[in-house]
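Report on one structure; see the data block that follows.
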Amino acid sequence: MTDIVIRPAVADDIPAVVAMLADDPLGSARESPDDLGPYLTAYERLRSDPNQFLMVAERGGTVVGTLQLTVVPGLSRRGSTRSIIEGVRVHSSERGRGLGQQFIEWAIDKSREQGCQLVQLTSDASRGDAHRFYERLGFTGSHIGFKLRLTAPAGAAGTGAGEPAGHPEPQR
């Protein structure tokens, strides 16, 4: 795996990243690789936030993997900082060759470098192979996660009408 380079994503990587996000049964139903506008807007938000690390793995000039690492300062656990690993994808041609492990190890090392005391991730309940992979790397299935889908009011900043909103404005 020495010919793999892990580096921050740039705007030109977004089509390849979105294609990987869409290249599985779950992603194919929720991603839109034909409309990169929302992804490029999100990329700019991520790029401007020092606690976000949108990374790609590259082999021979081709993007073959992606993940997002988010550093979250907190008060719980005696003021611990944690990191969250999300959006882990490895191109189908690279699966089973060690890239996923290399990527997760990179994220753990980066988390330590950022002063994190805990690394966490979620994985869709239907992804049994992924769960076994994370357990082999030392993660434990310690929590049950919940999600609530939000929709933005028409014209909300950063989203289209009725699109998911990351941080809705409080009602006044």
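Starting from 1 in every chain, residues are counted up; chains themselves are A, B, ... following the order of the structure tokens, and ligands are numbered from 1 as listed.
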
Who sits within 12 Å of Val17 in chain A, only C-alpha atoms, same chain under 5 positions skipped, as an mmCIF file with N, CA and C atoms, in the first residue's frame:
data_model
loop_
_atom_site.group_PDB
_atom_site.id
_atom_site.type_symbol
_atom_site.label_atom_id
_atom_site.label_comp_id
_atom_site.auth_asym_id
_atom_site.auth_seq_id
_atom_site.Cartn_x
_atom_site.Cartn_y
_atom_site.Cartn_z
ATOM 1 N N PRO A 8 -5.682 15.784 1.775
ATOM 2 C CA PRO A 8 -6.955 16.514 1.814
ATOM 3 C C PRO A 8 -7.596 16.560 0.429
ATOM 4 N N ALA A 9 -8.905 16.428 0.401
ATOM 5 C CA ALA A 9 -9.641 16.532 -0.858
ATOM 6 C C ALA A 9 -9.581 17.964 -1.368
ATOM 7 N N VAL A 10 -9.589 18.107 -2.686
ATOM 8 C CA VAL A 10 -9.714 19.404 -3.345
ATOM 9 C C VAL A 10 -10.999 19.366 -4.171
ATOM 10 N N ALA A 11 -11.445 20.528 -4.605
ATOM 11 C CA ALA A 11 -12.715 20.616 -5.329
ATOM 12 C C ALA A 11 -12.762 19.674 -6.533
ATOM 13 N N ASP A 12 -11.644 19.507 -7.223
ATOM 14 C CA ASP A 12 -11.621 18.621 -8.392
ATOM 15 C C ASP A 12 -11.844 17.153 -8.041
ATOM 16 N N ALA A 22 -22.092 7.138 -3.950
ATOM 17 C CA ALA A 22 -23.288 6.616 -4.619
ATOM 18 C C ALA A 22 -23.146 5.155 -5.041
ATOM 19 N N ASP A 23 -21.952 4.589 -4.937
ATOM 20 C CA ASP A 23 -21.686 3.260 -5.486
ATOM 21 C C ASP A 23 -21.946 2.138 -4.488
ATOM 22 N N GLY A 27 -26.169 4.236 -0.843
ATOM 23 C CA GLY A 27 -25.786 5.493 -1.469
ATOM 24 C C GLY A 27 -26.501 5.758 -2.779
ATOM 25 N N GLU A 31 -27.746 9.607 -2.976
ATOM 26 C CA GLU A 31 -26.774 10.523 -3.571
ATOM 27 C C GLU A 31 -27.177 10.860 -4.998
ATOM 28 N N SER A 32 -26.694 12.025 -5.488
ATOM 29 C CA SER A 32 -27.028 12.508 -6.839
ATOM 30 C C SER A 32 -25.760 12.936 -7.573
ATOM 31 N N PRO A 33 -25.013 11.987 -8.119
ATOM 32 C CA PRO A 33 -23.766 12.354 -8.793
ATOM 33 C C PRO A 33 -23.951 13.232 -10.016
ATOM 34 N N LEU A 36 -23.720 18.105 -8.879
ATOM 35 C CA LEU A 36 -22.637 18.305 -7.920
ATOM 36 C C LEU A 36 -22.754 19.599 -7.127
ATOM 37 N N TYR A 39 -22.930 19.307 -3.333
ATOM 38 C CA TYR A 39 -21.696 18.718 -2.811
ATOM 39 C C TYR A 39 -20.565 19.743 -2.797
ATOM 40 N N LEU A 40 -20.497 20.575 -3.827
ATOM 41 C CA LEU A 40 -19.461 21.610 -3.871
ATOM 42 C C LEU A 40 -19.710 22.670 -2.804
ATOM 43 N N TYR A 43 -18.600 21.058 0.342
ATOM 44 C CA TYR A 43 -17.139 21.011 0.348
ATOM 45 C C TYR A 43 -16.555 22.338 0.842
ATOM 46 N N LEU A 54 -11.741 16.374 5.250
ATOM 47 C CA LEU A 54 -12.261 15.566 4.155
ATOM 48 C C LEU A 54 -11.054 15.076 3.371
ATOM 49 N N MET A 55 -10.848 13.770 3.413
ATOM 50 C CA MET A 55 -9.628 13.190 2.872
ATOM 51 C C MET A 55 -9.942 12.280 1.695
ATOM 52 N N VAL A 56 -8.952 12.126 0.837
ATOM 53 C CA VAL A 56 -9.030 11.138 -0.231
ATOM 54 C C VAL A 56 -7.763 10.291 -0.197
ATOM 55 N N ALA A 57 -7.916 9.077 -0.697
ATOM 56 C CA ALA A 57 -6.768 8.211 -0.948
ATOM 57 C C ALA A 57 -6.587 8.176 -2.450
ATOM 58 N N GLU A 58 -5.356 8.279 -2.855
ATOM 59 C CA GLU A 58 -5.052 8.362 -4.280
ATOM 60 C C GLU A 58 -4.002 7.309 -4.624
ATOM 61 N N THR A 62 -5.285 8.631 -9.257
ATOM 62 C CA THR A 62 -6.720 8.361 -9.263
ATOM 63 C C THR A 62 -7.231 8.274 -7.830
ATOM 64 N N VAL A 63 -8.327 8.951 -7.538
ATOM 65 C CA VAL A 63 -8.942 8.897 -6.209
ATOM 66 C C VAL A 63 -9.616 7.537 -6.060
ATOM 67 N N VAL A 64 -9.195 6.793 -5.019
ATOM 68 C CA VAL A 64 -9.705 5.436 -4.808
ATOM 69 C C VAL A 64 -10.340 5.254 -3.431
ATOM 70 N N GLY A 65 -10.414 6.323 -2.639
ATOM 71 C CA GLY A 65 -11.037 6.232 -1.327
ATOM 72 C C GLY A 65 -11.298 7.605 -0.766
ATOM 73 N N THR A 66 -12.206 7.660 0.203
ATOM 74 C CA THR A 66 -12.521 8.929 0.865
ATOM 75 C C THR A 66 -12.995 8.653 2.285
ATOM 76 N N LEU A 67 -12.798 9.608 3.142
ATOM 77 C CA LEU A 67 -13.410 9.618 4.465
ATOM 78 C C LEU A 67 -13.426 11.048 4.981
ATOM 79 N N GLN A 68 -14.321 11.278 5.929
ATOM 80 C CA GLN A 68 -14.407 12.575 6.604
ATOM 81 C C GLN A 68 -14.156 12.347 8.081
ATOM 82 N N GLY A 87 -18.503 8.755 6.283
ATOM 83 C CA GLY A 87 -18.374 8.724 4.823
ATOM 84 C C GLY A 87 -17.188 7.924 4.328
ATOM 85 N N VAL A 88 -16.882 6.804 4.991
ATOM 86 C CA VAL A 88 -15.749 5.986 4.564
ATOM 87 C C VAL A 88 -16.163 5.198 3.326
ATOM 88 N N ARG A 89 -15.427 5.382 2.265
ATOM 89 C CA ARG A 89 -15.695 4.641 1.034
ATOM 90 C C ARG A 89 -14.368 4.276 0.376
ATOM 91 N N VAL A 90 -14.314 3.065 -0.126
ATOM 92 C CA VAL A 90 -13.168 2.582 -0.888
ATOM 93 C C VAL A 90 -13.706 2.127 -2.237
ATOM 94 N N HIS A 91 -13.056 2.569 -3.294
ATOM 95 C CA HIS A 91 -13.485 2.196 -4.648
ATOM 96 C C HIS A 91 -13.542 0.680 -4.760
#

- Message: List as a ChimeraX atom specification the protein and nucleic acid residues near range 130-144 of chain A, meaning an atom at most 10 Å away when only C-alpha atoms are counted, but skip any in the same chain fewer than 3 places from it.
- Response: /A:88,100-101,104-105,119-127

Using N, CA and C atoms, can you export the residues from the last selection as a short mmCIF file (atom, residue, chain, number, x, y, z; two decimals), in the first residue's frame?
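Generated output (result_5.cif):
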data_model
loop_
_atom_site.label_atom_id
_atom_site.label_comp_id
_atom_site.auth_asym_id
_atom_site.auth_seq_id
_atom_site.Cartn_x
_atom_site.Cartn_y
_atom_site.Cartn_z
N VAL A 88 -16.88 6.80 4.99
CA VAL A 88 -15.75 5.99 4.56
C VAL A 88 -16.16 5.20 3.33
N GLY A 100 -8.79 0.29 3.37
CA GLY A 100 -9.71 0.67 4.45
C GLY A 100 -9.00 0.72 5.79
N GLN A 101 -8.20 -0.29 6.08
CA GLN A 101 -7.46 -0.31 7.34
C GLN A 101 -6.47 0.85 7.40
N ILE A 104 -8.43 4.06 8.14
CA ILE A 104 -8.89 4.16 9.53
C ILE A 104 -7.70 4.41 10.46
N GLU A 105 -6.60 3.75 10.22
CA GLU A 105 -5.40 4.00 11.03
C GLU A 105 -4.94 5.45 10.88
N VAL A 119 -12.40 8.03 19.58
CA VAL A 119 -12.76 8.03 18.16
C VAL A 119 -14.05 7.24 18.05
N GLN A 120 -15.02 7.79 17.36
CA GLN A 120 -16.28 7.07 17.18
C GLN A 120 -16.70 7.12 15.73
N LEU A 121 -17.57 6.18 15.39
CA LEU A 121 -18.14 6.16 14.05
C LEU A 121 -19.48 5.45 14.14
N THR A 122 -20.29 5.69 13.13
CA THR A 122 -21.52 4.94 12.99
C THR A 122 -21.49 4.24 11.65
N SER A 123 -22.23 3.17 11.57
CA SER A 123 -22.32 2.39 10.33
C SER A 123 -23.76 1.92 10.24
N ASP A 124 -24.34 2.03 9.06
CA ASP A 124 -25.72 1.59 8.88
C ASP A 124 -25.89 0.17 9.39
N ALA A 125 -27.02 -0.08 10.03
CA ALA A 125 -27.28 -1.39 10.63
C ALA A 125 -27.20 -2.53 9.61
N SER A 126 -27.40 -2.24 8.34
CA SER A 126 -27.39 -3.29 7.32
C SER A 126 -25.99 -3.66 6.85
N ARG A 127 -24.97 -2.97 7.31
CA ARG A 127 -23.60 -3.18 6.81
C ARG A 127 -22.80 -4.13 7.72
#

- Using backbone DSSP assignments, extract all strand (DSSP E or B) residues from range 49-145 of chain A; output them as a ChimeraX atom specification. /A:52-59,62-73,81-90,118-121

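Comparing A:Glu86, A:Asp3, A:Glu44, A:Asp129 by their smallest distance to Leu21 in chain A, the closest is A:Glu86 (using only C-alpha atoms).
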
- Task: In Å, rounded to a single decimal, give me how far CA of Arg45 in chain A is from CA of Phe103 in chain A.
- Result: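 About the pair CA of Phe103 in chain A and CA of Arg45 in chain A: they are 22.5 Å apart.
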
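All residues of protein, DNA or RNA that reach within 6 Å of Val71 in chain A, judged by only C-alpha atoms and not counting those fewer than 5 positions away in the chain, are Asn51, Arg82 and Ser83 of chain A.
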
File of the preceding selection, C-alpha atoms, as an mmCIF file, in the first residue's frame:
data_model
loop_
_atom_site.group_PDB
_atom_site.id
_atom_site.type_symbol
_atom_site.label_atom_id
_atom_site.label_comp_id
_atom_site.auth_asym_id
_atom_site.auth_seq_id
_atom_site.Cartn_x
_atom_site.Cartn_y
_atom_site.Cartn_z
ATOM 1 C CA ASN A 51 -12.296 20.742 12.706
ATOM 2 C CA ARG A 82 -13.589 13.213 20.315
ATOM 3 C CA SER A 83 -13.454 12.575 16.629
#

I'd like the contact shell of Cys116 in chain A - 10 Å cut-off, only C-alpha atoms, skipping same-chain residues fewer than 2 positions apart - returned as a CSV table (one decimal) with N, CA and C atoms, in the first residue's frame.
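New file out-v8.csv:
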chain,number,residue,atom,x,y,z
A,71,VAL,N,-13.5,16.7,14.2
A,71,VAL,CA,-13.1,16.8,15.6
A,71,VAL,C,-14.1,17.6,16.4
A,72,VAL,N,-14.6,17.1,17.5
A,72,VAL,CA,-15.6,17.7,18.3
A,72,VAL,C,-15.2,17.9,19.7
A,73,PRO,N,-14.9,19.1,20.1
A,73,PRO,CA,-14.6,19.4,21.5
A,73,PRO,C,-15.9,19.2,22.3
A,80,SER,N,-13.5,16.0,27.3
A,80,SER,CA,-12.8,15.3,26.3
A,80,SER,C,-13.1,15.8,24.9
A,81,THR,N,-12.2,15.7,24.0
A,81,THR,CA,-12.4,16.0,22.6
A,81,THR,C,-12.5,14.6,21.9
A,82,ARG,N,-13.4,14.5,21.0
A,82,ARG,CA,-13.6,13.2,20.3
A,82,ARG,C,-13.5,13.5,18.8
A,83,SER,N,-13.4,12.4,18.1
A,83,SER,CA,-13.5,12.6,16.6
A,83,SER,C,-14.5,11.6,16.1
A,108,ILE,N,-7.3,7.5,13.1
A,108,ILE,CA,-7.0,7.4,14.5
A,108,ILE,C,-5.7,8.2,14.8
A,109,ASP,N,-4.7,8.1,14.0
A,109,ASP,CA,-3.5,8.9,14.3
A,109,ASP,C,-3.7,10.3,14.2
A,110,LYS,N,-4.5,10.8,13.3
A,110,LYS,CA,-4.9,12.2,13.2
A,110,LYS,C,-5.7,12.7,14.4
A,111,SER,N,-6.6,11.8,14.9
A,111,SER,CA,-7.3,12.1,16.1
A,111,SER,C,-6.4,12.3,17.3
A,112,ARG,N,-5.5,11.4,17.4
A,112,ARG,CA,-4.5,11.5,18.5
A,112,ARG,C,-3.8,12.9,18.4
A,113,GLU,N,-3.3,13.2,17.2
A,113,GLU,CA,-2.6,14.4,16.9
A,113,GLU,C,-3.4,15.6,17.3
A,114,GLN,N,-4.8,15.5,17.1
A,114,GLN,CA,-5.7,16.6,17.4
A,114,GLN,C,-6.1,16.7,18.9
A,118,LEU,N,-11.2,10.0,22.2
A,118,LEU,CA,-12.1,9.0,21.8
A,118,LEU,C,-12.3,9.2,20.3
A,119,VAL,N,-12.4,8.0,19.6
A,119,VAL,CA,-12.8,8.0,18.2
A,119,VAL,C,-14.1,7.2,18.0

- DSSP helix (DSSP H, G or I) residues within chain A, listed as a ChimeraX atom specification: /A:11-22,25-30,37-47,76-79,92-94,99-113,128-136

- Interatomic distance (Å, one decimal) between CA of Ile85 in chain A and CA of Leu69 in chain A: 4.7 Å

- Any idea what the distance is between CA of Lys147 in chain A and CA of Ile84 in chain A? 15.3 Å
